[in-house]
>>> print(open('entry_21.tsv').read())   # TSV, C-alpha atoms
chain	number	residue	atom	x	y	z
A	1	MET	CA	0.83	113.55	-81.77
A	2	ASN	CA	-2.16	115.85	-82.00
A	3	LYS	CA	-2.81	118.13	-79.13
A	4	LEU	CA	-6.43	118.46	-78.16
A	5	SER	CA	-7.76	121.63	-76.74
A	6	TRP	CA	-9.60	121.42	-73.43
A	7	LYS	CA	-12.81	122.32	-75.21
A	8	ASN	CA	-12.39	119.38	-77.54
A	9	VAL	CA	-11.66	117.06	-74.68
A	10	THR	CA	-14.80	117.96	-72.79
A	11	GLY	CA	-16.79	117.75	-75.99
A	12	ARG	CA	-15.50	114.28	-76.74
A	13	LEU	CA	-16.08	113.07	-73.23
A	14	LYS	CA	-19.65	114.18	-73.40
A	15	ALA	CA	-20.04	112.39	-76.72
A	16	ILE	CA	-18.93	109.08	-75.19
A	17	GLU	CA	-21.94	107.36	-73.87
A	18	ALA	CA	-21.67	106.47	-70.23
A	19	PRO	CA	-21.87	102.70	-69.62
A	20	LYS	CA	-25.39	101.66	-69.06
A	21	THR	CA	-26.02	100.64	-65.50
A	22	PRO	CA	-28.31	97.69	-65.20
A	23	SER	CA	-31.76	98.89	-64.57
A	24	ASP	CA	-33.15	95.91	-62.71
A	25	ASN	CA	-32.31	92.44	-61.46
A	26	ALA	CA	-33.01	90.69	-64.75
A	27	ASP	CA	-30.66	93.02	-66.65
A	28	PHE	CA	-28.00	92.59	-64.01
A	29	TRP	CA	-28.09	88.80	-64.13
A	30	GLN	CA	-28.20	88.74	-67.92
A	31	ASP	CA	-25.13	90.91	-67.99
A	32	PHE	CA	-23.48	88.83	-65.31
A	33	LYS	CA	-24.12	85.57	-67.17
A	34	ALA	CA	-22.84	87.04	-70.40
A	35	ARG	CA	-19.63	88.06	-68.71
A	36	ALA	CA	-19.38	84.77	-66.85
A	37	THR	CA	-19.50	82.78	-70.07
A	38	LEU	CA	-16.44	84.65	-71.28
A	39	MET	CA	-14.33	83.47	-68.33
A	40	ARG	CA	-13.26	79.99	-67.25
A	41	GLN	CA	-14.85	79.29	-63.92
A	42	ASP	CA	-12.80	76.27	-62.87
A	43	GLU	CA	-9.11	76.27	-62.22
A	44	PRO	CA	-7.19	73.95	-64.50
A	45	ALA	CA	-6.09	70.96	-62.41
A	46	ALA	CA	-2.43	71.00	-61.55
A	47	GLU	CA	-0.56	68.16	-63.22
A	48	ARG	CA	0.05	65.36	-60.73
A	49	PRO	CA	3.72	64.67	-60.17
A	50	ARG	CA	4.49	61.23	-61.58
A	51	MET	CA	6.35	58.73	-59.48
A	52	PRO	CA	9.58	57.55	-61.09
A	53	VAL	CA	9.30	54.15	-62.74
A	54	ALA	CA	11.91	52.62	-60.45
A	55	LEU	CA	10.03	53.81	-57.38
A	56	ARG	CA	6.76	52.46	-58.74
A	57	TRP	CA	8.30	49.05	-59.36
A	58	GLY	CA	9.96	49.22	-55.96
A	59	SER	CA	6.76	49.93	-54.10
A	60	VAL	CA	4.87	47.18	-55.93
A	61	THR	CA	7.70	44.72	-55.25
A	62	ALA	CA	7.91	45.70	-51.59
A	63	LEU	CA	4.17	45.28	-51.18
A	64	ALA	CA	4.26	41.88	-52.88
A	65	LEU	CA	7.11	40.76	-50.63
A	66	VAL	CA	5.36	41.94	-47.49
A	67	LEU	CA	2.24	40.01	-48.49
A	68	ILE	CA	4.21	36.86	-49.32
A	69	VAL	CA	6.22	36.93	-46.10
A	70	ALA	CA	3.19	37.78	-43.97
A	71	GLY	CA	1.23	34.95	-45.58
A	72	TRP	CA	4.08	32.55	-45.04
A	73	PHE	CA	4.38	33.33	-41.34
A	74	MET	CA	0.63	33.52	-40.75
A	75	LEU	CA	0.00	30.16	-42.36
A	76	PRO	CA	0.35	27.89	-39.30
A	77	ALA	CA	-1.76	30.18	-37.16
A	78	THR	CA	-4.53	30.45	-39.71
A	79	LEU	CA	-4.71	26.73	-40.20
A	80	GLY	CA	-4.72	26.16	-36.45
A	81	ALA	CA	-2.16	23.52	-37.19
A	82	VAL	CA	-0.85	21.10	-34.67
A	83	THR	CA	1.95	18.65	-35.07
A	84	GLN	CA	0.80	15.09	-35.53
A	85	ILE	CA	2.58	12.23	-33.87
A	86	LYS	CA	1.97	9.30	-36.16
A	87	ALA	CA	4.09	6.72	-34.40
A	88	LEU	CA	6.05	6.59	-31.18
A	89	GLU	CA	8.31	4.01	-29.62
A	90	VAL	CA	10.24	4.69	-26.47
A	91	VAL	CA	13.08	2.22	-26.47
A	92	ALA	CA	14.58	3.21	-23.14
A	93	PRO	CA	12.86	2.06	-19.94
A	94	HIS	CA	10.16	4.54	-18.91
A	95	SER	CA	6.88	4.72	-17.06
A	96	GLY	CA	4.61	6.76	-19.29
A	97	VAL	CA	4.10	9.17	-22.17
A	98	ILE	CA	2.24	12.46	-22.10
A	99	ILE	CA	1.28	14.32	-25.26
A	100	MET	CA	0.19	17.93	-24.85
A	101	ASN	CA	-1.06	20.24	-27.54
A	102	ASP	CA	-0.70	23.83	-26.46
A	103	GLN	CA	-4.14	25.45	-26.48
A	104	SER	CA	-3.00	28.42	-28.47
A	105	GLY	CA	-1.45	26.20	-31.11
A	106	ARG	CA	2.09	27.24	-30.29
A	107	GLY	CA	3.41	23.72	-30.23
A	108	THR	CA	3.13	20.11	-29.19
A	109	ILE	CA	4.91	18.57	-26.23
A	110	LEU	CA	5.70	14.88	-26.04
A	111	TRP	CA	6.92	14.12	-22.54
A	112	ILE	CA	8.25	10.77	-21.48
A	113	THR	CA	8.08	10.14	-17.77
A	114	GLY	CA	10.17	7.90	-15.60
A	115	MET	CA	13.09	7.46	-17.93
A	116	GLU	CA	16.02	5.99	-16.12
A	117	SER	CA	18.84	8.26	-15.17
A	118	LYS	CA	21.79	8.67	-17.46
A	119	ASN	CA	24.06	6.59	-15.28
A	120	SER	CA	21.72	3.69	-14.74
A	121	SER	CA	20.82	3.46	-18.42
A	122	GLY	CA	24.43	2.76	-19.18
B	1	MET	CA	16.98	52.58	-68.73
B	2	LYS	CA	13.42	51.66	-67.77
B	3	THR	CA	13.91	48.13	-69.07
B	4	ARG	CA	17.03	47.74	-67.01
B	5	PHE	CA	15.23	48.89	-63.86
B	6	ALA	CA	12.34	46.56	-64.60
B	7	PHE	CA	14.70	43.64	-65.14
B	8	ALA	CA	16.52	44.40	-61.89
B	9	TRP	CA	13.28	44.50	-59.93
B	10	VAL	CA	11.99	41.31	-61.46
B	11	CYS	CA	15.27	39.59	-60.58
B	12	ALA	CA	15.08	40.91	-57.01
B	13	LEU	CA	11.49	39.72	-56.71
B	14	MET	CA	12.34	36.27	-58.03
B	15	MET	CA	15.30	35.93	-55.67
B	16	SER	CA	13.21	36.98	-52.71
B	17	ALA	CA	10.43	34.61	-53.69
B	18	ALA	CA	12.98	31.82	-54.12
B	19	THR	CA	14.30	32.53	-50.63
B	20	VAL	CA	10.82	32.46	-49.14
B	21	PHE	CA	9.69	29.38	-51.01
B	22	ALA	CA	12.94	27.47	-50.73
B	23	GLY	CA	12.51	24.06	-49.16
B	24	PRO	CA	11.90	24.11	-45.43
B	25	THR	CA	14.67	23.55	-42.95
B	26	LEU	CA	14.52	21.35	-39.90
B	27	THR	CA	16.08	22.86	-36.82
B	28	ILE	CA	16.92	20.56	-33.93
B	29	ARG	CA	17.75	22.08	-30.58
B	30	LEU	CA	18.83	20.38	-27.38
B	31	VAL	CA	17.80	22.12	-24.18
B	32	ASP	CA	18.66	21.38	-20.58
B	33	ALA	CA	15.65	21.97	-18.33
B	34	SER	CA	16.21	22.26	-14.60
B	35	ASN	CA	15.20	24.12	-11.51
B	36	SER	CA	18.64	25.51	-10.88
B	37	GLY	CA	18.33	29.06	-12.07
B	38	LYS	CA	15.54	30.92	-13.80
B	39	GLY	CA	14.45	31.88	-17.28
B	40	ALA	CA	15.22	30.76	-20.81
B	41	GLY	CA	18.60	31.38	-22.32
B	42	GLY	CA	19.45	32.72	-25.73
B	43	GLY	CA	18.22	30.90	-28.80
B	44	LEU	CA	14.95	29.89	-27.17
B	45	GLY	CA	12.95	33.08	-27.56
B	46	ASP	CA	10.38	31.50	-29.85
B	47	VAL	CA	9.61	28.59	-27.49
B	48	ALA	CA	10.36	30.11	-24.08
B	49	GLN	CA	6.74	30.87	-23.27
B	50	LEU	CA	5.60	27.44	-24.40
B	51	LEU	CA	8.21	25.72	-22.22
B	52	LYS	CA	7.64	27.88	-19.14
B	53	GLU	CA	3.87	27.51	-19.23
B	54	ASN	CA	3.75	23.76	-19.78
B	55	LEU	CA	6.76	22.23	-18.08
B	56	PRO	CA	7.63	22.14	-14.36
B	57	PHE	CA	11.06	23.73	-14.72
B	58	ASN	CA	12.36	27.22	-14.03
B	59	SER	CA	15.43	27.23	-16.21
B	60	PHE	CA	15.89	26.32	-19.85
B	61	ARG	CA	19.37	26.38	-21.31
B	62	LEU	CA	20.20	25.77	-24.97
B	63	LEU	CA	22.96	23.19	-25.24
B	64	ALA	CA	23.15	22.76	-29.01
B	65	SER	CA	21.37	23.67	-32.21
B	66	GLN	CA	21.69	22.00	-35.60
B	67	SER	CA	19.73	22.21	-38.80
B	68	MET	CA	19.25	20.19	-41.95
B	69	PRO	CA	17.22	20.61	-45.11
B	70	LEU	CA	13.91	18.85	-45.52
B	71	PRO	CA	13.37	16.17	-46.72
B	72	ALA	CA	15.87	15.05	-44.12
B	73	ASP	CA	18.31	12.22	-44.32
B	74	GLY	CA	21.08	12.36	-41.79
B	75	THR	CA	22.27	12.42	-38.24
B	76	VAL	CA	23.23	15.42	-36.17
B	77	SER	CA	25.27	15.34	-33.00
B	78	LEU	CA	23.90	17.70	-30.41
B	79	ALA	CA	25.45	17.66	-26.93
B	80	ALA	CA	25.56	15.47	-23.83
B	81	GLY	CA	26.01	12.44	-26.09
B	82	ILE	CA	22.64	13.02	-27.76
B	83	GLN	CA	22.23	12.48	-31.47
B	84	ALA	CA	19.19	12.94	-33.67
B	85	ARG	CA	18.76	10.75	-36.73
B	86	CYS	CA	16.15	12.12	-39.13
B	87	SER	CA	14.73	10.87	-42.41
B	88	GLY	CA	11.73	11.72	-44.54
B	89	ASP	CA	9.87	14.85	-45.41
B	90	GLN	CA	8.01	17.29	-43.24
B	91	ARG	CA	4.74	15.35	-43.47
B	92	ASN	CA	6.30	12.05	-42.60
B	93	LEU	CA	9.45	12.67	-40.63
B	94	HIS	CA	11.06	9.75	-38.85
B	95	VAL	CA	13.14	10.85	-35.87
B	96	VAL	CA	15.34	8.71	-33.69
B	97	ILE	CA	16.85	10.26	-30.58
B	98	GLU	CA	19.98	8.41	-29.57
B	99	ARG	CA	22.19	8.60	-26.56
B	100	GLY	CA	25.62	7.10	-26.94
B	101	ARG	CA	24.47	5.52	-30.22
B	102	LYS	CA	21.64	3.71	-28.42
B	103	ALA	CA	18.16	4.62	-29.60
B	104	GLN	CA	16.06	6.12	-26.84
B	105	ILE	CA	12.98	7.45	-28.65
B	106	GLN	CA	11.72	6.68	-32.15
B	107	SER	CA	8.88	8.62	-33.62
B	108	THR	CA	7.23	9.48	-36.90
B	109	VAL	CA	5.71	12.93	-36.96
B	110	GLU	CA	4.14	15.47	-39.25
B	111	LEU	CA	5.55	18.90	-38.56
B	112	ARG	CA	3.78	22.15	-39.37
B	113	ASN	CA	5.72	25.17	-40.44
B	114	GLY	CA	6.81	27.22	-37.47
B	115	VAL	CA	5.07	24.97	-34.91
B	116	PRO	CA	7.63	23.29	-32.66
B	117	LEU	CA	7.53	19.73	-31.41
B	118	ILE	CA	9.04	19.32	-27.96
B	119	LEU	CA	10.38	15.88	-27.14
B	120	GLY	CA	11.37	15.67	-23.52
B	121	GLY	CA	12.07	13.49	-20.58
B	122	LEU	CA	15.61	12.27	-21.13
B	123	PRO	CA	17.45	12.55	-17.84
B	124	SER	CA	20.38	14.93	-17.48
B	125	ASP	CA	22.74	15.71	-14.62
B	126	THR	CA	20.62	18.60	-13.38
B	127	GLY	CA	17.15	17.86	-14.72
B	128	LYS	CA	15.80	16.75	-18.07
B	129	LEU	CA	16.89	17.07	-21.65
B	130	ILE	CA	14.49	18.41	-24.25
B	131	VAL	CA	14.80	18.05	-28.01
B	132	ILE	CA	12.96	20.72	-29.99
B	133	LEU	CA	12.13	20.01	-33.63
B	134	LEU	CA	11.06	22.93	-35.76
B	135	ALA	CA	10.40	23.01	-39.47
B	136	ARG	CA	10.41	26.39	-41.22
>>> encode(input="entry_21.tsv", output="structure tokens")
Amino acid sequence: MNKLSWKNVTGRLKAIEAPKTPSDNADFWQDFKARATLMRQDEPAAERPRMPVALRWGSVTALALVLIVAGWFMLPATLGAVTQIKALEVVAPHSGVIIMNDQSGRGTILWITGMESKNSSG
Amino acid sequence: MKTRFAFAWVCALMMSAATVFAGPTLTIRLVDASNSGKGAGGGLGDVAQLLKENLPFNSFRLLASQSMPLPADGTVSLAAGIQARCSGDQRNLHVVIERGRKAQIQSTVELRNGVPLILGGLPSDTGKLIVILLAR
């Protein structure tokens, strides 16, 4: 390793040209842009963790099942379905028949009035 | 490994779908309605509100519950000497309610999934007997 004398050091330092400071705005921005092009400005996107295959299948299956079951149970309500009584014959002695369809579509009631008591009907 | 998982899931899905889409079942319940007591007993949760709001009774007690696959073709014995003879499919179900082997009510109905049909008026010791038909 060569030892430099202090005189040489100062001489060399003087010989090195001091970095040019930008003189005006245009120089500054030109310099800035030149430097900016050398560096990546956006962060590389982190790799998304991938869901395991089994979990993916599981979630799709669960969703499908939920939709199937929900559809199955919603069906009567969506159709506003009521039970139809196509034919009726009351064999036992009675006085009348009342058919009620619940307004909210929860069911149908067929009520037979005046049926004889258990004992008298034999 | 992936194939095995996929196969397992497909099997599970098919089994579940088969369960959901399996033929409907007809449930027949016999209920004793009276004014001795209050509320609806166990096994009537799905129809309790319907019964309470539409029938002049305070108490509903489940006496028996039976089920059969649809299309139906058979007779079930409930309680209090009541039997239900059912034949046909859900859209054209013939029901005969018998007491002591004597037909009391004969009806042909079309049942909707999950919508109960209440057949009532048969006398009991304390009030009236109700037969609930439900296809699901």
>>> closest_atom_pairs(input="entry_21.tsv", of="chain A", to="chain B", cutoff="9 Å", atoms="all atoms listed in the file", output="JSON lines")
{"residue": "A:Val53", "atom": "CA", "partner": "B:Lys2", "partner_atom": "CA", "distance": 7.0}
{"residue": "A:Ala54", "atom": "CA", "partner": "B:Phe5", "partner_atom": "CA", "distance": 6.0}
{"residue": "A:Trp57", "atom": "CA", "partner": "B:Trp9", "partner_atom": "CA", "distance": 6.8}
{"residue": "A:Gly58", "atom": "CA", "partner": "B:Trp9", "partner_atom": "CA", "distance": 7.0}
{"residue": "A:Thr61", "atom": "CA", "partner": "B:Leu13", "partner_atom": "CA", "distance": 6.4}
{"residue": "A:Ala62", "atom": "CA", "partner": "B:Leu13", "partner_atom": "CA", "distance": 8.6}
{"residue": "A:Ala64", "atom": "CA", "partner": "B:Leu13", "partner_atom": "CA", "distance": 8.5}
{"residue": "A:Leu65", "atom": "CA", "partner": "B:Ser16", "partner_atom": "CA", "distance": 7.5}
{"residue": "A:Ile68", "atom": "CA", "partner": "B:Ala17", "partner_atom": "CA", "distance": 7.9}
{"residue": "A:Val69", "atom": "CA", "partner": "B:Val20", "partner_atom": "CA", "distance": 7.1}
{"residue": "A:Trp72", "atom": "CA", "partner": "B:Val20", "partner_atom": "CA", "distance": 7.9}
{"residue": "A:Phe73", "atom": "CA", "partner": "B:Gly114", "partner_atom": "CA", "distance": 7.6}
{"residue": "A:Leu75", "atom": "CA", "partner": "B:Asn113", "partner_atom": "CA", "distance": 7.8}
{"residue": "A:Pro76", "atom": "CA", "partner": "B:Asn113", "partner_atom": "CA", "distance": 6.1}
{"residue": "A:Ala77", "atom": "CA", "partner": "B:Val115", "partner_atom": "CA", "distance": 8.9}
{"residue": "A:Ala81", "atom": "CA", "partner": "B:Arg112", "partner_atom": "CA", "distance": 6.5}
{"residue": "A:Val82", "atom": "CA", "partner": "B:Arg112", "partner_atom": "CA", "distance": 6.7}
{"residue": "A:Thr83", "atom": "CA", "partner": "B:Leu111", "partner_atom": "CA", "distance": 5.0}
{"residue": "A:Gln84", "atom": "CA", "partner": "B:Glu110", "partner_atom": "CA", "distance": 5.0}
{"residue": "A:Ile85", "atom": "CA", "partner": "B:Val109", "partner_atom": "CA", "distance": 4.5}
{"residue": "A:Lys86", "atom": "CA", "partner": "B:Val109", "partner_atom": "CA", "distance": 5.3}
{"residue": "A:Ala87", "atom": "CA", "partner": "B:Thr108", "partner_atom": "CA", "distance": 4.9}
{"residue": "A:Leu88", "atom": "CA", "partner": "B:Ser107", "partner_atom": "CA", "distance": 4.3}
{"residue": "A:Glu89", "atom": "CA", "partner": "B:Gln106", "partner_atom": "CA", "distance": 5.0}
{"residue": "A:Val90", "atom": "CA", "partner": "B:Ile105", "partner_atom": "CA", "distance": 4.5}
{"residue": "A:Val91", "atom": "CA", "partner": "B:Gln104", "partner_atom": "CA", "distance": 4.9}
{"residue": "A:Ala92", "atom": "CA", "partner": "B:Gln104", "partner_atom": "CA", "distance": 4.9}
{"residue": "A:Pro93", "atom": "CA", "partner": "B:Gln104", "partner_atom": "CA", "distance": 8.6}
{"residue": "A:Met100", "atom": "CA", "partner": "B:Asn54", "partner_atom": "CA", "distance": 8.5}
{"residue": "A:Asp102", "atom": "CA", "partner": "B:Leu50", "partner_atom": "CA", "distance": 7.5}
{"residue": "A:Gly105", "atom": "CA", "partner": "B:Val115", "partner_atom": "CA", "distance": 7.6}
{"residue": "A:Arg106", "atom": "CA", "partner": "B:Val115", "partner_atom": "CA", "distance": 5.9}
{"residue": "A:Gly107", "atom": "CA", "partner": "B:Pro116", "partner_atom": "CA", "distance": 4.9}
{"residue": "A:Thr108", "atom": "CA", "partner": "B:Leu117", "partner_atom": "CA", "distance": 4.9}
{"residue": "A:Ile109", "atom": "CA", "partner": "B:Ile118", "partner_atom": "CA", "distance": 4.5}
{"residue": "A:Leu110", "atom": "CA", "partner": "B:Leu119", "partner_atom": "CA", "distance": 4.9}
{"residue": "A:Trp111", "atom": "CA", "partner": "B:Gly120", "partner_atom": "CA", "distance": 4.8}
{"residue": "A:Ile112", "atom": "CA", "partner": "B:Gly121", "partner_atom": "CA", "distance": 4.8}
{"residue": "A:Thr113", "atom": "CA", "partner": "B:Gly121", "partner_atom": "CA", "distance": 5.9}
{"residue": "A:Gly114", "atom": "CA", "partner": "B:Gly121", "partner_atom": "CA", "distance": 7.7}
{"residue": "A:Met115", "atom": "CA", "partner": "B:Leu122", "partner_atom": "CA", "distance": 6.3}
{"residue": "A:Glu116", "atom": "CA", "partner": "B:Pro123", "partner_atom": "CA", "distance": 6.9}
{"residue": "A:Ser117", "atom": "CA", "partner": "B:Pro123", "partner_atom": "CA", "distance": 5.2}
{"residue": "A:Lys118", "atom": "CA", "partner": "B:Pro123", "partner_atom": "CA", "distance": 5.8}
{"residue": "A:Gly122", "atom": "CA", "partner": "B:Gly100", "partner_atom": "CA", "distance": 9.0}
>>> atom_distance(input="entry_21.tsv", atom1="atom CA of Ile98 of chain A", atom2="atom CA of Pro56 of chain B")
13.5 Å
>>> atom_distance(input="entry_21.tsv", atom1="atom CA of Asp32 of chain B", atom2="atom CA of Phe57 of chain B")
9.9 Å
>>> atom_distance(input="entry_21.tsv", atom1="atom CA of Ala45 of chain A", atom2="atom CA of Gln30 of chain A")
28.9 Å
>>> axis_aligned_box(input="entry_21.tsv", around="segment 56-65 of chain A", padding_each_side="3 Å", output="JSON")
{"center_x": 7.1, "center_y": 46.6, "center_z": -55.0, "size_x": 11.8, "size_y": 17.7, "size_z": 14.7}
>>> residues_around(input="entry_21.tsv", residues="Leu44 of chain B", least_positions_apart="4", cutoff="10 Å", atoms="only C-alpha atoms", output="compact mmCIF listing (two decimals) with C-alpha atoms, in the frame of the given file")
# COMPACT_ATOMS: atom_id res chain seq x y z
CA ARG B 29 17.75 22.08 -30.58
CA VAL B 31 17.80 22.12 -24.18
CA ALA B 40 15.22 30.76 -20.81
CA ALA B 48 10.36 30.11 -24.08
CA GLN B 49 6.74 30.87 -23.27
CA LEU B 51 8.21 25.72 -22.22
CA PHE B 60 15.89 26.32 -19.85
CA ARG B 61 19.37 26.38 -21.31
CA LEU B 62 20.20 25.77 -24.97
CA ILE B 132 12.96 20.72 -29.99
>>> closest_residue(input="entry_21.tsv", among="B:Thr27, B:Ser59, B:Ser65, B:Ser34", to="Ala79 of chain B", atoms="only C-alpha atoms")
B:Ser65
>>> residues_near_point(input="entry_21.tsv", point="(21.2, 9.4, -41.4)", cutoff="10 Å", atoms="all atoms listed in the file", output="compact mmCIF listing (two decimals) with C-alpha atoms, in the coordinates of the input")
# COMPACT_ATOMS: atom_id res chain seq x y z
CA ALA B 72 15.87 15.05 -44.12
CA ASP B 73 18.31 12.22 -44.32
CA GLY B 74 21.08 12.36 -41.79
CA THR B 75 22.27 12.42 -38.24
CA VAL B 76 23.23 15.42 -36.17
CA ALA B 84 19.19 12.94 -33.67
CA ARG B 85 18.76 10.75 -36.73
CA CYS B 86 16.15 12.12 -39.13
CA SER B 87 14.73 10.87 -42.41
CA VAL B 95 13.14 10.85 -35.87
CA VAL B 96 15.34 8.71 -33.69
>>> build_atoms(input="entry_21.tsv", residues="segment 48-61 of chain B", atoms="N, CA, C and O atoms", output="JSON list (two decimals), in the frame of the given file")
[["chain", "number", "residue", "atom", "x", "y", "z"],
["B", 48, "ALA", "N", 10.21, 29.89, -25.53],
["B", 48, "ALA", "CA", 10.36, 30.11, -24.08],
["B", 48, "ALA", "C", 9.02, 30.08, -23.37],
["B", 48, "ALA", "O", 8.87, 29.39, -22.34],
["B", 49, "GLN", "N", 8.06, 30.79, -23.91],
["B", 49, "GLN", "CA", 6.74, 30.87, -23.27],
["B", 49, "GLN", "C", 6.09, 29.49, -23.21],
["B", 49, "GLN", "O", 5.51, 29.10, -22.20],
["B", 50, "LEU", "N", 6.18, 28.79, -24.30],
["B", 50, "LEU", "CA", 5.60, 27.44, -24.40],
["B", 50, "LEU", "C", 6.21, 26.51, -23.34],
["B", 50, "LEU", "O", 5.50, 25.76, -22.66],
["B", 51, "LEU", "N", 7.52, 26.57, -23.19],
["B", 51, "LEU", "CA", 8.21, 25.72, -22.22],
["B", 51, "LEU", "C", 7.84, 26.11, -20.79],
["B", 51, "LEU", "O", 7.51, 25.25, -19.97],
["B", 52, "LYS", "N", 7.89, 27.41, -20.52],
["B", 52, "LYS", "CA", 7.64, 27.88, -19.14],
["B", 52, "LYS", "C", 6.22, 27.56, -18.69],
["B", 52, "LYS", "O", 6.00, 27.24, -17.53],
["B", 53, "GLU", "N", 5.28, 27.69, -19.60],
["B", 53, "GLU", "CA", 3.87, 27.51, -19.23],
["B", 53, "GLU", "C", 3.47, 26.05, -19.09],
["B", 53, "GLU", "O", 2.49, 25.75, -18.44],
["B", 54, "ASN", "N", 4.20, 25.16, -19.74],
["B", 54, "ASN", "CA", 3.75, 23.76, -19.78],
["B", 54, "ASN", "C", 4.65, 22.77, -19.05],
["B", 54, "ASN", "O", 4.23, 21.64, -18.84],
["B", 55, "LEU", "N", 5.84, 23.18, -18.71],
["B", 55, "LEU", "CA", 6.76, 22.23, -18.08],
["B", 55, "LEU", "C", 7.17, 22.70, -16.68],
["B", 55, "LEU", "O", 7.32, 23.91, -16.45],
["B", 56, "PRO", "N", 7.37, 21.76, -15.75],
["B", 56, "PRO", "CA", 7.63, 22.14, -14.36],
["B", 56, "PRO", "C", 9.10, 22.46, -14.09],
["B", 56, "PRO", "O", 9.72, 21.90, -13.19],
["B", 57, "PHE", "N", 9.66, 23.33, -14.90],
["B", 57, "PHE", "CA", 11.06, 23.73, -14.72],
["B", 57, "PHE", "C", 11.16, 25.25, -14.76],
["B", 57, "PHE", "O", 10.36, 25.93, -15.42],
["B", 58, "ASN", "N", 12.17, 25.76, -14.08],
["B", 58, "ASN", "CA", 12.36, 27.22, -14.03],
["B", 58, "ASN", "C", 13.40, 27.69, -15.03],
["B", 58, "ASN", "O", 13.39, 28.85, -15.45],
["B", 59, "SER", "N", 14.29, 26.80, -15.37],
["B", 59, "SER", "CA", 15.43, 27.23, -16.21],
["B", 59, "SER", "C", 15.53, 26.36, -17.46],
["B", 59, "SER", "O", 15.41, 25.13, -17.39],
["B", 60, "PHE", "N", 15.73, 27.03, -18.57],
["B", 60, "PHE", "CA", 15.89, 26.32, -19.85],
["B", 60, "PHE", "C", 17.15, 26.86, -20.52],
["B", 60, "PHE", "O", 17.26, 28.06, -20.78],
["B", 61, "ARG", "N", 18.07, 25.96, -20.77],
["B", 61, "ARG", "CA", 19.37, 26.38, -21.31],
["B", 61, "ARG", "C", 19.64, 25.63, -22.61],
["B", 61, "ARG", "O", 19.59, 24.39, -22.65]]
